[in-house]
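Take a look at the structure below.
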Amino acid sequence: MSLTASLLHLSPKLSTQFLHGSSTPLSPLSKPTSSLSFPSLQRRSFLPPVRALKYLQGRVVCSTSDKTVAVEVTRLAPHPKYKRRVRKKKKYQAHDPENQFQVGDVVQLEKSRPISKTKTFIAVPLPAKNVKSKSGEEDASKELGITLESQQV
């Protein structure tokens, strides 16, 4: 008597496809099913794709090359051992098509296709901030279109 026949004779519950040698071919793409399987999580299609590192802001440190500026970007990162935030600096080469930036200018770096081996950013002038002047009363009167009591004679 063979070993498999003796195992089947002892316990009929041990009868499986592997003991009989007749295995049903499974397709390589089929997934195992289980009674404990969870419903599949569907992605929400209304969310935009995540794009990392779209804009950087830094100071021009070198503008001697034609149509290229070197921009130093400073960021704060925790120290690996002491966990205190320290300044990390990195220099990027950016494309400056009109040679409009000088050393010391603050620019915004915009991610683009690779322009050369080291240039993957385009230098863009920083958007103007809304800076209030020192005389706040004059600004308020201009916004409202009426004269204030302190300005009336």
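Each chain in the structure tokens gets a letter, A, B, ..., in the order shown, and its residues are numbered from 1; ligands are numbered from 1 in order too.
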
Would you list the contacts of Val61 of chain A as a ChimeraX atom specification, taking every protein, DNA or RNA residue within 12 Å and counting only C-alpha atoms, but skipping same-chain residues closer than 6 positions in sequence? /A:68-73,89-94,101-107

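Between atom CA of Tyr82 of chain A and atom CA of Gly58 of chain A there is a distance of 26.2 Å.
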
Tell me which protein, DNA and RNA residues are within 7 Å of His95 of chain A, counting only C-alpha atoms, leaving out same-chain ones fewer than 6 positions away, and put them as JSON, numbers by chain. {"A": [67, 68, 69, 119, 121, 122, 123]}

Suppose we keep C-alpha atoms; can you now write the selection as a tab-separated table (two decimals), in the first residue's frame?
```
chain	number	residue	atom	x	y	z
A	67	LYS	CA	20.91	82.58	-18.99
A	68	THR	CA	21.74	80.74	-15.76
A	69	VAL	CA	21.64	81.79	-12.12
A	119	LYS	CA	19.09	72.93	-14.71
A	121	PHE	CA	14.15	74.98	-12.54
A	122	ILE	CA	13.13	78.31	-14.04
A	123	ALA	CA	13.81	81.47	-12.04
```

Here atom CA of Pro125 of chain A and atom CA of Gln57 of chain A stand apart by 9.9 Å
